[in-house]
$ cat upload.pdb   # PDB, C-alpha atoms
MODEL        1
ATOM      1  CA  MET A   1      12.524 -13.619 -10.751
ATOM      2  CA  ALA A   2       9.556 -13.244  -8.431
ATOM      3  CA  LYS A   3       7.112 -10.407  -9.006
ATOM      4  CA  VAL A   4       6.805  -8.304  -5.862
ATOM      5  CA  ALA A   5       4.377  -5.466  -5.144
ATOM      6  CA  VAL A   6       4.466  -2.900  -2.352
ATOM      7  CA  VAL A   7       1.023  -1.523  -1.532
ATOM      8  CA  TYR A   8       0.882   1.316   0.980
ATOM      9  CA  HIS A   9      -0.993   4.306   2.305
ATOM     10  CA  SER A  10       0.902   7.350   3.519
ATOM     11  CA  GLY A  11      -0.776  10.211   5.312
ATOM     12  CA  TYR A  12       2.146  12.627   5.535
ATOM     13  CA  GLY A  13       4.757  11.052   3.254
ATOM     14  CA  HIS A  14       6.772   9.115   5.822
ATOM     15  CA  THR A  15       5.367   5.704   4.906
ATOM     16  CA  GLN A  16       5.759   6.581   1.229
ATOM     17  CA  ARG A  17       9.506   7.124   1.684
ATOM     18  CA  VAL A  18       9.861   3.781   3.463
ATOM     19  CA  ALA A  19       7.755   2.035   0.784
ATOM     20  CA  GLN A  20       9.902   3.536  -1.990
ATOM     21  CA  THR A  21      13.086   2.325  -0.311
ATOM     22  CA  VAL A  22      11.690  -1.175   0.227
ATOM     23  CA  ALA A  23      10.417  -1.328  -3.368
ATOM     24  CA  GLN A  24      13.800  -0.279  -4.688
ATOM     25  CA  GLY A  25      15.577  -2.937  -2.634
ATOM     26  CA  ALA A  26      13.100  -5.645  -3.612
ATOM     27  CA  SER A  27      12.757  -4.571  -7.269
ATOM     28  CA  ALA A  28       9.042  -4.249  -6.544
ATOM     29  CA  GLU A  29       6.209  -2.278  -8.086
ATOM     30  CA  LEU A  30       4.732   0.477  -5.910
ATOM     31  CA  ILE A  31       0.973   0.777  -5.508
ATOM     32  CA  ALA A  32      -0.301   3.737  -3.501
ATOM     33  CA  ILE A  33      -3.666   3.684  -1.739
ATOM     34  CA  ASP A  34      -5.234   7.114  -2.263
ATOM     35  CA  ALA A  35      -6.803   9.440   0.310
ATOM     36  CA  GLU A  36     -10.178   7.734  -0.221
ATOM     37  CA  GLY A  37      -8.762   4.266   0.390
ATOM     38  CA  ASN A  38      -8.835   3.180  -3.259
ATOM     39  CA  LEU A  39      -6.207   1.616  -5.492
ATOM     40  CA  PRO A  40      -5.232   3.154  -8.825
ATOM     41  CA  ALA A  41      -6.481   1.650 -12.088
ATOM     42  CA  GLY A  42      -4.937  -1.783 -12.554
ATOM     43  CA  GLY A  43      -3.952  -2.037  -8.900
ATOM     44  CA  TRP A  44      -5.978  -5.153  -8.131
ATOM     45  CA  GLU A  45      -4.645  -6.888 -11.237
ATOM     46  CA  THR A  46      -1.060  -6.074 -10.241
ATOM     47  CA  LEU A  47      -1.635  -7.520  -6.771
ATOM     48  CA  ALA A  48      -3.283 -10.641  -8.206
ATOM     49  CA  ALA A  49      -0.263 -11.248 -10.453
ATOM     50  CA  ALA A  50       2.306 -10.695  -7.691
ATOM     51  CA  ASP A  51       4.199 -13.582  -6.107
ATOM     52  CA  ALA A  52       4.695 -11.548  -2.919
ATOM     53  CA  ILE A  53       2.997  -8.446  -1.496
ATOM     54  CA  ILE A  54       4.556  -6.082   1.034
ATOM     55  CA  PHE A  55       2.118  -3.878   2.976
ATOM     56  CA  GLY A  56       2.749  -0.449   4.480
ATOM     57  CA  SER A  57       0.591   1.834   6.585
ATOM     58  CA  PRO A  58       1.029   4.548   9.165
ATOM     59  CA  THR A  59      -0.442   3.876  12.579
ATOM     60  CA  TYR A  60      -2.976   6.056  14.325
ATOM     61  CA  MET A  61      -4.061   5.220  17.865
ATOM     62  CA  GLY A  62      -2.376   1.816  17.509
ATOM     63  CA  MET A  63      -4.198   0.855  14.295
ATOM     64  CA  VAL A  64      -3.579   1.182  10.570
ATOM     65  CA  SER A  65      -5.036   4.202   8.786
ATOM     66  CA  TRP A  66      -8.698   3.958   7.813
ATOM     67  CA  GLN A  67      -7.670   4.101   4.159
ATOM     68  CA  PHE A  68      -5.503   1.011   4.565
ATOM     69  CA  LYS A  69      -8.290  -0.715   6.542
ATOM     70  CA  LYS A  70     -10.718  -0.001   3.689
ATOM     71  CA  PHE A  71      -8.258  -1.542   1.230
ATOM     72  CA  ALA A  72      -7.730  -4.579   3.485
ATOM     73  CA  ASP A  73     -11.482  -5.108   3.859
ATOM     74  CA  ALA A  74     -11.971  -4.830   0.086
ATOM     75  CA  SER A  75      -9.236  -7.394  -0.532
ATOM     76  CA  SER A  76     -11.254 -10.176   1.039
TER      77      SER A  76
ENDMDL
END
$ encode --input "upload.pdb" --output "C-alpha coordinates"
Amino acid sequence: MAKVAVVYHSGYGHTQRVAQTVAQGASAELIAIDAEGNLPAGGWETLAAADAIIFGSPTYMGMVSWQFKKFADASS
(Lines of atoms letter the chains of each structure in order from A and count residues from 1; the text may use other names and numbers.)
(Lines give C-alpha, C1' and ligand atoms only; values in the text may rest on other atoms or scores of the structure.)
Protein backbone atom coordinates (compact mmCIF):
# COMPACT_ATOMS: atom_id res chain seq x y z
CA MET A 1 0.00 0.00 0.00
CA ALA A 2 1.21 3.49 -0.83
CA LYS A 3 2.38 5.75 1.98
CA VAL A 4 0.42 9.00 1.93
CA ALA A 5 0.98 12.14 4.00
CA VAL A 6 -1.31 15.11 4.50
CA VAL A 7 0.58 18.28 5.38
CA TYR A 8 -1.51 21.32 6.28
CA HIS A 9 -1.72 24.62 8.09
CA SER A 10 -4.95 25.66 9.77
CA GLY A 11 -5.48 29.11 11.20
CA TYR A 12 -8.85 28.60 12.87
CA GLY A 13 -9.34 24.83 12.71
CA HIS A 14 -11.40 24.57 9.53
CA THR A 15 -8.56 23.29 7.35
CA GLN A 16 -7.55 20.92 10.14
CA ARG A 17 -10.99 19.27 10.09
CA VAL A 18 -10.82 18.84 6.31
CA ALA A 19 -7.25 17.48 6.54
CA GLN A 20 -8.30 14.97 9.22
CA THR A 21 -11.18 13.73 7.07
CA VAL A 22 -8.97 13.41 3.98
CA ALA A 23 -6.26 11.62 5.99
CA GLN A 24 -8.80 9.19 7.38
CA GLY A 25 -10.16 8.41 3.92
CA ALA A 26 -6.69 8.01 2.42
CA SER A 27 -5.17 6.17 5.41
CA ALA A 28 -2.62 8.98 5.50
CA GLU A 29 -0.37 10.43 8.17
CA LEU A 30 -1.20 13.98 9.28
CA ILE A 31 1.55 16.58 9.54
CA ALA A 32 0.56 19.98 10.90
CA ILE A 33 2.50 23.13 10.06
CA ASP A 34 2.71 25.18 13.27
CA ALA A 35 1.94 28.86 13.81
CA GLU A 36 5.56 29.73 12.93
CA GLY A 37 5.44 27.83 9.65
CA ASN A 38 7.56 24.89 10.85
CA LEU A 39 7.03 21.15 10.67
CA PRO A 40 7.16 18.96 13.77
CA ALA A 41 10.21 16.80 14.48
CA GLY A 42 10.47 14.09 11.84
CA GLY A 43 8.12 15.91 9.48
CA TRP A 44 10.59 16.28 6.62
CA GLU A 45 11.57 12.61 6.88
CA THR A 46 7.91 11.55 6.76
CA LEU A 47 7.36 13.65 3.63
CA ALA A 48 10.51 12.28 2.00
CA ALA A 49 9.31 8.70 2.59
CA ALA A 50 5.78 9.34 1.30
CA ASP A 51 4.63 8.07 -2.09
CA ALA A 52 2.02 10.85 -2.27
CA ILE A 53 1.58 14.16 -0.44
CA ILE A 54 -1.71 16.01 -0.04
CA PHE A 55 -1.45 19.72 0.81
CA GLY A 56 -3.93 21.87 2.72
CA SER A 57 -4.00 25.56 3.53
CA PRO A 58 -6.54 28.25 4.25
CA THR A 59 -6.64 31.16 1.85
CA TYR A 60 -6.20 34.78 2.80
CA MET A 61 -6.60 37.49 0.16
CA GLY A 62 -6.52 34.78 -2.53
CA MET A 63 -3.23 33.23 -1.37
CA VAL A 64 -2.18 30.45 0.99
CA SER A 65 -1.33 31.38 4.57
CA TRP A 66 2.16 32.75 5.16
CA GLN A 67 2.92 29.70 7.30
CA PHE A 68 2.15 27.38 4.40
CA LYS A 69 4.17 29.62 2.03
CA LYS A 70 7.15 29.39 4.40
CA PHE A 71 6.85 25.60 4.38
CA ALA A 72 6.55 25.52 0.58
CA ASP A 73 9.62 27.74 0.17
CA ALA A 74 11.61 25.56 2.58
CA SER A 75 10.64 22.43 0.66
CA SER A 76 12.62 23.48 -2.39
$ residues_around --input "upload.pdb" --residues "Val22 in chain A" --least-positions-apart "3" --cutoff "12 Å" --atoms "all atoms listed in the file" --output "ChimeraX atom specification"
/A:4-8,15-19,25-30,53-56
$ resolve_selection --input "upload.pdb" --expression "the PyMOL selection byres ((chain A and resi 12) around 12)" --output "CSV table (one decimal) with C-alpha atoms, keeping the file's coordinate frame"
chain,number,residue,atom,x,y,z
A,9,HIS,CA,-1.0,4.3,2.3
A,10,SER,CA,0.9,7.4,3.5
A,11,GLY,CA,-0.8,10.2,5.3
A,13,GLY,CA,4.8,11.1,3.3
A,14,HIS,CA,6.8,9.1,5.8
A,15,THR,CA,5.4,5.7,4.9
A,16,GLN,CA,5.8,6.6,1.2
A,17,ARG,CA,9.5,7.1,1.7
A,18,VAL,CA,9.9,3.8,3.5
A,35,ALA,CA,-6.8,9.4,0.3
A,57,SER,CA,0.6,1.8,6.6
A,58,PRO,CA,1.0,4.5,9.2
A,59,THR,CA,-0.4,3.9,12.6
A,65,SER,CA,-5.0,4.2,8.8
$ axis_aligned_box --input "upload.pdb" --around "range 1-6 of chain A" --padding-each-side "5 Å" --output "JSON"
{"center_x": 8.5, "center_y": -8.3, "center_z": -6.6, "size_x": 18.1, "size_y": 20.7, "size_z": 18.4}
$ resolve_selection --input "upload.pdb" --expression "the PyMOL selection byres ((chain A and resi 38) around 9)" --output "number ranges by chain"
A: 32-37, 39-40, 67-68, 70-71
$ atom_distance --input "upload.pdb" --atom1 "CA of Leu47 in chain A" --atom2 "CA of Ser75 in chain A"
9.8 Å
$ atom_distance --input "upload.pdb" --atom1 "CA of Ala48 in chain A" --atom2 "CA of Tyr60 in chain A"
28.0 Å
$ atom_distance --input "upload.pdb" --atom1 "CA of Trp44 in chain A" --atom2 "CA of Ile31 in chain A"
9.5 Å
$ decode --input "upload.pdb" --residues "range 4-42 of chain A" --atoms "N, CA and C atoms" --output "PDB file, in the first residue's frame"
ATOM      1  N   VAL A   4       0.954   7.678   2.242  1.00  0.00           N
ATOM      2  CA  VAL A   4       0.415   8.998   1.929  1.00  0.00           C
ATOM      3  C   VAL A   4       0.555   9.893   3.149  1.00  0.00           C
ATOM      4  N   ALA A   5       0.899  11.150   2.920  1.00  0.00           N
ATOM      5  CA  ALA A   5       0.985  12.137   3.998  1.00  0.00           C
ATOM      6  C   ALA A   5       0.104  13.327   3.643  1.00  0.00           C
ATOM      7  N   VAL A   6      -0.538  13.881   4.653  1.00  0.00           N
ATOM      8  CA  VAL A   6      -1.315  15.112   4.501  1.00  0.00           C
ATOM      9  C   VAL A   6      -0.608  16.167   5.338  1.00  0.00           C
ATOM     10  N   VAL A   7      -0.084  17.182   4.678  1.00  0.00           N
ATOM     11  CA  VAL A   7       0.580  18.283   5.381  1.00  0.00           C
ATOM     12  C   VAL A   7      -0.303  19.514   5.211  1.00  0.00           C
ATOM     13  N   TYR A   8      -0.554  20.212   6.337  1.00  0.00           N
ATOM     14  CA  TYR A   8      -1.510  21.317   6.282  1.00  0.00           C
ATOM     15  C   TYR A   8      -1.183  22.370   7.330  1.00  0.00           C
ATOM     16  N   HIS A   9      -1.693  23.557   7.086  1.00  0.00           N
ATOM     17  CA  HIS A   9      -1.719  24.616   8.094  1.00  0.00           C
ATOM     18  C   HIS A   9      -3.169  25.021   8.258  1.00  0.00           C
ATOM     19  N   SER A  10      -3.575  25.262   9.495  1.00  0.00           N
ATOM     20  CA  SER A  10      -4.948  25.659   9.774  1.00  0.00           C
ATOM     21  C   SER A  10      -4.939  26.808  10.762  1.00  0.00           C
ATOM     22  N   GLY A  11      -5.457  27.938  10.333  1.00  0.00           N
ATOM     23  CA  GLY A  11      -5.478  29.108  11.201  1.00  0.00           C
ATOM     24  C   GLY A  11      -6.546  29.054  12.272  1.00  0.00           C
ATOM     25  N   TYR A  12      -7.733  28.596  11.928  1.00  0.00           N
ATOM     26  CA  TYR A  12      -8.854  28.598  12.865  1.00  0.00           C
ATOM     27  C   TYR A  12      -9.468  27.218  13.072  1.00  0.00           C
ATOM     28  N   GLY A  13      -8.860  26.174  12.508  1.00  0.00           N
ATOM     29  CA  GLY A  13      -9.342  24.825  12.710  1.00  0.00           C
ATOM     30  C   GLY A  13     -10.161  24.240  11.575  1.00  0.00           C
ATOM     31  N   HIS A  14     -10.588  25.066  10.638  1.00  0.00           N
ATOM     32  CA  HIS A  14     -11.400  24.571   9.530  1.00  0.00           C
ATOM     33  C   HIS A  14     -10.598  23.664   8.601  1.00  0.00           C
ATOM     34  N   THR A  15      -9.412  24.097   8.227  1.00  0.00           N
ATOM     35  CA  THR A  15      -8.564  23.289   7.350  1.00  0.00           C
ATOM     36  C   THR A  15      -8.112  22.025   8.071  1.00  0.00           C
ATOM     37  N   GLN A  16      -7.932  22.100   9.364  1.00  0.00           N
ATOM     38  CA  GLN A  16      -7.553  20.916  10.140  1.00  0.00           C
ATOM     39  C   GLN A  16      -8.643  19.853  10.050  1.00  0.00           C
ATOM     40  N   ARG A  17      -9.894  20.240  10.170  1.00  0.00           N
ATOM     41  CA  ARG A  17     -10.994  19.272  10.085  1.00  0.00           C
ATOM     42  C   ARG A  17     -11.045  18.615   8.716  1.00  0.00           C
ATOM     43  N   VAL A  18     -10.841  19.401   7.663  1.00  0.00           N
ATOM     44  CA  VAL A  18     -10.822  18.839   6.311  1.00  0.00           C
ATOM     45  C   VAL A  18      -9.632  17.892   6.157  1.00  0.00           C
ATOM     46  N   ALA A  19      -8.458  18.307   6.646  1.00  0.00           N
ATOM     47  CA  ALA A  19      -7.252  17.476   6.543  1.00  0.00           C
ATOM     48  C   ALA A  19      -7.434  16.157   7.287  1.00  0.00           C
ATOM     49  N   GLN A  20      -8.057  16.192   8.457  1.00  0.00           N
ATOM     50  CA  GLN A  20      -8.303  14.967   9.218  1.00  0.00           C
ATOM     51  C   GLN A  20      -9.216  14.016   8.454  1.00  0.00           C
ATOM     52  N   THR A  21     -10.248  14.563   7.831  1.00  0.00           N
ATOM     53  CA  THR A  21     -11.179  13.734   7.065  1.00  0.00           C
ATOM     54  C   THR A  21     -10.501  13.124   5.847  1.00  0.00           C
ATOM     55  N   VAL A  22      -9.705  13.910   5.147  1.00  0.00           N
ATOM     56  CA  VAL A  22      -8.972  13.406   3.981  1.00  0.00           C
ATOM     57  C   VAL A  22      -7.980  12.330   4.414  1.00  0.00           C
ATOM     58  N   ALA A  23      -7.250  12.584   5.496  1.00  0.00           N
ATOM     59  CA  ALA A  23      -6.263  11.616   5.988  1.00  0.00           C
ATOM     60  C   ALA A  23      -6.930  10.307   6.385  1.00  0.00           C
ATOM     61  N   GLN A  24      -8.084  10.397   7.003  1.00  0.00           N
ATOM     62  CA  GLN A  24      -8.800   9.185   7.384  1.00  0.00           C
ATOM     63  C   GLN A  24      -9.211   8.393   6.151  1.00  0.00           C
ATOM     64  N   GLY A  25      -9.731   9.076   5.151  1.00  0.00           N
ATOM     65  CA  GLY A  25     -10.160   8.407   3.922  1.00  0.00           C
ATOM     66  C   GLY A  25      -9.018   7.828   3.115  1.00  0.00           C
ATOM     67  N   ALA A  26      -7.853   8.458   3.197  1.00  0.00           N
ATOM     68  CA  ALA A  26      -6.695   8.013   2.420  1.00  0.00           C
ATOM     69  C   ALA A  26      -5.728   7.167   3.244  1.00  0.00           C
ATOM     70  N   SER A  27      -6.076   6.876   4.487  1.00  0.00           N
ATOM     71  CA  SER A  27      -5.173   6.167   5.408  1.00  0.00           C
ATOM     72  C   SER A  27      -3.803   6.845   5.428  1.00  0.00           C
ATOM     73  N   ALA A  28      -3.830   8.163   5.582  1.00  0.00           N
ATOM     74  CA  ALA A  28      -2.617   8.976   5.495  1.00  0.00           C
ATOM     75  C   ALA A  28      -2.175   9.449   6.879  1.00  0.00           C
ATOM     76  N   GLU A  29      -0.920   9.838   6.954  1.00  0.00           N
ATOM     77  CA  GLU A  29      -0.373  10.426   8.170  1.00  0.00           C
ATOM     78  C   GLU A  29      -0.541  11.936   8.108  1.00  0.00           C
ATOM     79  N   LEU A  30      -1.016  12.532   9.200  1.00  0.00           N
ATOM     80  CA  LEU A  30      -1.199  13.975   9.279  1.00  0.00           C
ATOM     81  C   LEU A  30       0.067  14.657   9.757  1.00  0.00           C
ATOM     82  N   ILE A  31       0.416  15.759   9.111  1.00  0.00           N
ATOM     83  CA  ILE A  31       1.547  16.578   9.535  1.00  0.00           C
ATOM     84  C   ILE A  31       1.064  18.022   9.565  1.00  0.00           C
ATOM     85  N   ALA A  32       1.031  18.613  10.747  1.00  0.00           N
ATOM     86  CA  ALA A  32       0.555  19.980  10.896  1.00  0.00           C
ATOM     87  C   ALA A  32       1.723  20.965  10.845  1.00  0.00           C
ATOM     88  N   ILE A  33       1.549  22.019  10.084  1.00  0.00           N
ATOM     89  CA  ILE A  33       2.503  23.135  10.062  1.00  0.00           C
ATOM     90  C   ILE A  33       2.112  24.049  11.226  1.00  0.00           C
ATOM     91  N   ASP A  34       3.050  24.391  12.085  1.00  0.00           N
ATOM     92  CA  ASP A  34       2.713  25.175  13.270  1.00  0.00           C
ATOM     93  C   ASP A  34       2.529  26.655  12.947  1.00  0.00           C
ATOM     94  N   ALA A  35       2.232  27.438  13.980  1.00  0.00           N
ATOM     95  CA  ALA A  35       1.944  28.864  13.808  1.00  0.00           C
ATOM     96  C   ALA A  35       3.149  29.654  13.311  1.00  0.00           C
ATOM     97  N   GLU A  36       4.345  29.080  13.436  1.00  0.00           N
ATOM     98  CA  GLU A  36       5.557  29.734  12.929  1.00  0.00           C
ATOM     99  C   GLU A  36       5.945  29.233  11.549  1.00  0.00           C
ATOM    100  N   GLY A  37       5.161  28.339  10.984  1.00  0.00           N
ATOM    101  CA  GLY A  37       5.444  27.826   9.650  1.00  0.00           C
ATOM    102  C   GLY A  37       6.433  26.681   9.626  1.00  0.00           C
ATOM    103  N   ASN A  38       6.599  25.997  10.750  1.00  0.00           N
ATOM    104  CA  ASN A  38       7.559  24.894  10.847  1.00  0.00           C
ATOM    105  C   ASN A  38       6.850  23.554  10.959  1.00  0.00           C
ATOM    106  N   LEU A  39       7.539  22.506  10.524  1.00  0.00           N
ATOM    107  CA  LEU A  39       7.030  21.149  10.672  1.00  0.00           C
ATOM    108  C   LEU A  39       7.465  20.584  12.011  1.00  0.00           C
ATOM    109  N   PRO A  40       6.730  19.600  12.530  1.00  0.00           N
ATOM    110  CA  PRO A  40       7.165  18.956  13.771  1.00  0.00           C
ATOM    111  C   PRO A  40       8.412  18.109  13.519  1.00  0.00           C
ATOM    112  N   ALA A  41       9.038  17.663  14.593  1.00  0.00           N
ATOM    113  CA  ALA A  41      10.215  16.796  14.480  1.00  0.00           C
ATOM    114  C   ALA A  41       9.856  15.567  13.654  1.00  0.00           C
ATOM    115  N   GLY A  42      10.698  15.240  12.695  1.00  0.00           N
ATOM    116  CA  GLY A  42      10.471  14.089  11.836  1.00  0.00           C
ATOM    117  C   GLY A  42       9.555  14.362  10.659  1.00  0.00           C
TER     118      GLY A  42
END
